[in-house]
Amino acid sequence: MRETLSPQIHNHAAVKRTFWAAAAFYMLITFEFLYMASPFAAYFYSVYKPGLTFFNSHPTLAWLSSIFLPHIAIETSSVLINLHNVAGAILAAVGFTVFCIGAGQVYYNKLTRKGAVTGGIYNLIRHPQYMSLVICSFGLLLLWPRYIVMLSFVTMLFAYYFLARVEEKECEKKFGQRYIEYKNRTNMFLPFNMPLADKLPGLPKARMKRYALLFGLYALTLLIAIGLASGLQNWSLNSLYALYTKDAAYISVGALEKSNIEAIVDTALASPEVQNRLSNSSEGSDAKFLNYILPTEWHVSEIPMNPVEGGSGHHFPTTYDENSYKIVFTRTKLRTEYSVEGKEIITNTVTRIPVLEVWIDLAQKQVTEIKNAPDTINYEGIPVPVY
């Protein structure tokens, strides 16, 4: 492996350790969404609890643990937002596949003693494995879009670039002119030239000035990424099928006309028993509620709700009674002392306390069943997505 021209594998132990440490850190954060889908989700998710709880309980840091694309709501009014999970899965799979191909080329050439790896995908770019990991990581970011994951992704972009630069210097020393010729006929990360990149000024030669410029560029990139993610969050919130009042936010997990949402909510609140139980749970006149509307046969593990027959995780049967819905009422604990309403309830929620479930026949506009909150709650005490 060290006999090849591959800039991914070389004898610089420090660079190799740095690369795998950075990759492991990012994957630990991003594969959170895979843990959520596993039978041992609650156990695995407890690994994240201390850090997420710390961020979530501090108003100035809470945004780091929040998401900027929907996770609980599987349908919104935006087609593009609805596709983010599909796009993320495709990019993650493609990136991982290309990474395996690149690694296979390197190991094959080493085992067969065929010399330098300059063909295949290495004939297109010098760092296909780094680029494939970027693609895979971006796909995982779309699947689990926490702000902290996004910041880690940007950090890894810079880390990969500088690791690649170090590796190329090592390869030049080791392989000499052969590597320089290979370097001159290939691009670093993309299989095509970027004319604007050639016109950019080089880095200052003075070390302090160079470091200051790089840090400024890194900080600017983070700010741009945060701004874009914030824009996506606002777009997502505006695209939810939802109903907002002064004291509550009602989010429909699936696509549902506003008139139907209003009918479901009005039917539930018309019940004296529902009103009484909500009032008894409010602990004061300033109580805020974050409530979820979904078909009675659906189940979402992040919503503190009673299990349904056929599944206890994410359970969305394609055929269901379109007249039978339930509202899962939860009282919120907010991270702010200021009065909030509507969408602000969603973005300021720290913890949701389950209150009751109200089952409704939409066609008859009547409450069919009122259920107590579940005895056990998935991910209790662990900050999970709320929309």
# chains A, B, ... in the order shown; residues from 1 in each chain; ligands from 1
$ residues_around --residues "stretch 244-247 of chain A" --least-positions-apart "2" --cutoff "6 Å" --atoms "only C-alpha atoms" --output "MDAnalysis selection string"
chainID A and resid 249 288 341:342
$ residues_around --residues "stretch 145-162 of chain A" --least-positions-apart "4" --cutoff "6 Å" --atoms "only C-alpha atoms" --output "ChimeraX atom specification"
/A:64-68,141
$ select_by_dssp --residues "stretch 290-358 of chain A" --states "strand (DSSP E)" --output "PyMOL selection string"
chain A and resi 290-295+324-334+349-358
$ write_last_selection --atoms "N, CA, C and O atoms" --output "compact mmCIF listing (two decimals), in the first residue's frame"
# COMPACT_ATOMS: atom_id res chain seq x y z
N LEU A 290 -47.23 21.45 22.77
CA LEU A 290 -46.77 21.04 21.45
C LEU A 290 -47.43 19.70 21.17
O LEU A 290 -47.13 18.68 21.80
N ASN A 291 -48.37 19.69 20.21
CA ASN A 291 -49.24 18.55 19.99
C ASN A 291 -49.07 18.00 18.57
O ASN A 291 -48.75 18.74 17.64
N TYR A 292 -49.33 16.71 18.43
CA TYR A 292 -49.08 16.04 17.15
C TYR A 292 -50.36 15.37 16.66
O TYR A 292 -51.05 14.70 17.43
N ILE A 293 -50.63 15.53 15.38
CA ILE A 293 -51.79 14.92 14.74
C ILE A 293 -51.31 13.86 13.76
O ILE A 293 -50.45 14.14 12.91
N LEU A 294 -51.84 12.66 13.88
CA LEU A 294 -51.45 11.60 12.97
C LEU A 294 -52.56 10.53 12.95
O LEU A 294 -53.38 10.47 13.88
N PRO A 295 -52.61 9.72 11.91
CA PRO A 295 -53.61 8.64 11.89
C PRO A 295 -53.43 7.72 13.10
O PRO A 295 -52.32 7.54 13.60
N SER A 324 -59.86 8.34 10.80
CA SER A 324 -59.52 8.09 12.20
C SER A 324 -58.15 8.70 12.52
O SER A 324 -57.11 8.24 12.04
N TYR A 325 -58.17 9.75 13.35
CA TYR A 325 -56.94 10.47 13.71
C TYR A 325 -56.82 10.57 15.23
O TYR A 325 -57.80 10.37 15.96
N LYS A 326 -55.62 10.88 15.67
CA LYS A 326 -55.41 11.12 17.09
C LYS A 326 -54.54 12.35 17.26
O LYS A 326 -53.71 12.68 16.40
N ILE A 327 -54.77 13.03 18.38
CA ILE A 327 -53.89 14.14 18.78
C ILE A 327 -53.15 13.71 20.03
O ILE A 327 -53.76 13.30 21.02
N VAL A 328 -51.83 13.77 19.95
CA VAL A 328 -51.00 13.50 21.12
C VAL A 328 -50.68 14.85 21.76
O VAL A 328 -49.94 15.65 21.19
N PHE A 329 -51.27 15.11 22.91
CA PHE A 329 -51.06 16.37 23.61
C PHE A 329 -49.82 16.27 24.52
O PHE A 329 -49.73 15.34 25.32
N THR A 330 -48.91 17.21 24.39
CA THR A 330 -47.74 17.26 25.28
C THR A 330 -47.57 18.69 25.78
O THR A 330 -47.71 19.65 25.02
N ARG A 331 -47.28 18.81 27.07
CA ARG A 331 -46.98 20.12 27.65
C ARG A 331 -45.47 20.34 27.57
O ARG A 331 -44.68 19.44 27.83
N THR A 332 -45.09 21.55 27.23
CA THR A 332 -43.68 21.82 27.01
C THR A 332 -43.02 22.52 28.19
O THR A 332 -43.67 23.24 28.95
N LYS A 333 -41.73 22.27 28.30
CA LYS A 333 -40.86 23.09 29.13
C LYS A 333 -39.99 23.88 28.18
O LYS A 333 -39.32 23.31 27.31
N LEU A 334 -40.01 25.19 28.33
CA LEU A 334 -39.32 26.06 27.39
C LEU A 334 -37.97 26.50 27.92
O LEU A 334 -37.75 26.54 29.13
N THR A 349 -38.77 24.65 22.65
CA THR A 349 -39.10 23.51 23.50
C THR A 349 -37.84 22.76 23.93
O THR A 349 -37.01 22.39 23.10
N VAL A 350 -37.70 22.56 25.24
CA VAL A 350 -36.61 21.76 25.80
C VAL A 350 -37.08 20.34 26.06
O VAL A 350 -36.43 19.37 25.68
N THR A 351 -38.23 20.21 26.69
CA THR A 351 -38.77 18.90 27.07
C THR A 351 -40.28 18.89 26.83
O THR A 351 -40.95 19.90 27.01
N ARG A 352 -40.79 17.73 26.42
CA ARG A 352 -42.24 17.56 26.27
C ARG A 352 -42.73 16.56 27.30
O ARG A 352 -42.14 15.48 27.47
N ILE A 353 -43.79 16.93 28.00
CA ILE A 353 -44.39 16.07 29.01
C ILE A 353 -45.72 15.56 28.46
O ILE A 353 -46.64 16.35 28.21
N PRO A 354 -45.86 14.26 28.22
CA PRO A 354 -47.10 13.74 27.65
C PRO A 354 -48.29 13.95 28.58
O PRO A 354 -48.17 13.79 29.80
N VAL A 355 -49.43 14.32 28.00
CA VAL A 355 -50.62 14.61 28.79
C VAL A 355 -51.71 13.58 28.50
O VAL A 355 -52.19 12.89 29.40
N LEU A 356 -52.12 13.45 27.25
CA LEU A 356 -53.14 12.48 26.88
C LEU A 356 -53.19 12.34 25.37
O LEU A 356 -52.58 13.14 24.64
N GLU A 357 -53.90 11.32 24.92
CA GLU A 357 -54.17 11.13 23.50
C GLU A 357 -55.67 11.17 23.28
O GLU A 357 -56.43 10.57 24.05
N VAL A 358 -56.06 11.87 22.24
CA VAL A 358 -57.48 11.98 21.92
C VAL A 358 -57.70 11.42 20.52
O VAL A 358 -57.11 11.90 19.55
$ closest_residue --among "A:Trp359, A:Phe96, A:Phe289, A:Tyr108" --to "A:Val134" --atoms "only C-alpha atoms"
A:Phe96
$ select_by_dssp --residues "stretch 179-316 of chain A" --states "alpha helix (DSSP H)" --output "PyMOL selection string"
chain A and resi 179-184+195-199+207-239+258-269+272-281
$ residues_around --residues "stretch 267-272 of chain A" --least-positions-apart "6" --cutoff "7 Å" --atoms "only C-alpha atoms" --output "PyMOL selection string"
chain A and resi 358+365-367
$ closest_residue --among "A:Phe215, A:Tyr241, A:Tyr379, A:Tyr338" --to "A:Glu75" --atoms "only C-alpha atoms"
A:Tyr241
$ residues_around --residues "A:Asn184" --least-positions-apart "3" --cutoff "12 Å" --atoms "only C-alpha atoms" --output "PDB file with N, CA, C and O atoms, in the first residue's frame"
ATOM      1  N   ASN A 123      -7.510   8.086 -11.698  1.00  0.00           N
ATOM      2  CA  ASN A 123      -7.164   8.781 -12.934  1.00  0.00           C
ATOM      3  C   ASN A 123      -7.988  10.046 -13.106  1.00  0.00           C
ATOM      4  O   ASN A 123      -7.659  10.909 -13.922  1.00  0.00           O
ATOM      5  N   LEU A 124      -9.067  10.154 -12.343  1.00  0.00           N
ATOM      6  CA  LEU A 124      -9.948  11.319 -12.430  1.00  0.00           C
ATOM      7  C   LEU A 124      -9.590  12.373 -11.404  1.00  0.00           C
ATOM      8  O   LEU A 124      -9.541  13.566 -11.716  1.00  0.00           O
ATOM      9  N   ILE A 125      -9.368  11.971 -10.169  1.00  0.00           N
ATOM     10  CA  ILE A 125      -9.008  12.899  -9.090  1.00  0.00           C
ATOM     11  C   ILE A 125      -7.963  12.245  -8.198  1.00  0.00           C
ATOM     12  O   ILE A 125      -7.860  11.019  -8.139  1.00  0.00           O
ATOM     13  N   ARG A 126      -7.207  13.059  -7.480  1.00  0.00           N
ATOM     14  CA  ARG A 126      -6.124  12.532  -6.662  1.00  0.00           C
ATOM     15  C   ARG A 126      -6.606  12.028  -5.301  1.00  0.00           C
ATOM     16  O   ARG A 126      -5.904  11.257  -4.642  1.00  0.00           O
ATOM     17  N   GLU A 168       0.130  15.085  -0.103  1.00  0.00           N
ATOM     18  CA  GLU A 168       0.744  15.333  -1.400  1.00  0.00           C
ATOM     19  C   GLU A 168       2.212  15.727  -1.266  1.00  0.00           C
ATOM     20  O   GLU A 168       3.054  15.337  -2.087  1.00  0.00           O
ATOM     21  N   GLU A 172       5.272  13.678  -2.960  1.00  0.00           N
ATOM     22  CA  GLU A 172       6.295  14.298  -3.796  1.00  0.00           C
ATOM     23  C   GLU A 172       7.690  13.905  -3.332  1.00  0.00           C
ATOM     24  O   GLU A 172       8.582  13.654  -4.150  1.00  0.00           O
ATOM     25  N   GLN A 177       9.429  12.865  -9.386  1.00  0.00           N
ATOM     26  CA  GLN A 177       8.885  13.396 -10.629  1.00  0.00           C
ATOM     27  C   GLN A 177       7.650  12.637 -11.096  1.00  0.00           C
ATOM     28  O   GLN A 177       6.741  13.221 -11.678  1.00  0.00           O
ATOM     29  N   ARG A 178       7.633  11.326 -10.837  1.00  0.00           N
ATOM     30  CA  ARG A 178       6.456  10.550 -11.275  1.00  0.00           C
ATOM     31  C   ARG A 178       5.186  11.079 -10.629  1.00  0.00           C
ATOM     32  O   ARG A 178       4.141  11.192 -11.275  1.00  0.00           O
ATOM     33  N   TYR A 179       5.266  11.386  -9.349  1.00  0.00           N
ATOM     34  CA  TYR A 179       4.074  11.907  -8.672  1.00  0.00           C
ATOM     35  C   TYR A 179       3.747  13.323  -9.143  1.00  0.00           C
ATOM     36  O   TYR A 179       2.577  13.683  -9.295  1.00  0.00           O
ATOM     37  N   ILE A 180       4.762  14.149  -9.388  1.00  0.00           N
ATOM     38  CA  ILE A 180       4.525  15.510  -9.865  1.00  0.00           C
ATOM     39  C   ILE A 180       3.809  15.486 -11.212  1.00  0.00           C
ATOM     40  O   ILE A 180       2.882  16.272 -11.456  1.00  0.00           O
ATOM     41  N   GLU A 181       4.205  14.571 -12.090  1.00  0.00           N
ATOM     42  CA  GLU A 181       3.543  14.445 -13.393  1.00  0.00           C
ATOM     43  C   GLU A 181       2.087  14.002 -13.208  1.00  0.00           C
ATOM     44  O   GLU A 181       1.178  14.493 -13.885  1.00  0.00           O
ATOM     45  N   ASN A 187      -6.909  16.573 -11.054  1.00  0.00           N
ATOM     46  CA  ASN A 187      -7.402  17.562 -10.100  1.00  0.00           C
ATOM     47  C   ASN A 187      -7.435  16.956  -8.702  1.00  0.00           C
ATOM     48  O   ASN A 187      -7.420  15.738  -8.528  1.00  0.00           O
ATOM     49  N   MET A 188      -7.517  17.838  -7.713  1.00  0.00           N
ATOM     50  CA  MET A 188      -7.414  17.404  -6.332  1.00  0.00           C
ATOM     51  C   MET A 188      -8.665  16.634  -5.880  1.00  0.00           C
ATOM     52  O   MET A 188      -8.575  15.499  -5.400  1.00  0.00           O
TER      53      MET A 188
END
$ atom_distance --atom1 "atom CA of A:Leu240" --atom2 "atom CA of A:Ser77"
6.5 Å
$ residues_around --residues "stretch 228-234 of chain A" --least-positions-apart "3" --cutoff "6 Å" --atoms "only C-alpha atoms" --output "list of chain:residue names"
A:Phe68, A:Leu69, A:Ala225, A:Leu237
$ closest_residue --among "A:Lys110, A:Arg335, A:Lys371, A:His127" --to "A:Val274" --atoms "only C-alpha atoms"
A:Lys371
$ atom_distance --atom1 "atom CA of A:Asn348" --atom2 "atom CA of A:Pro59"
8.6 Å
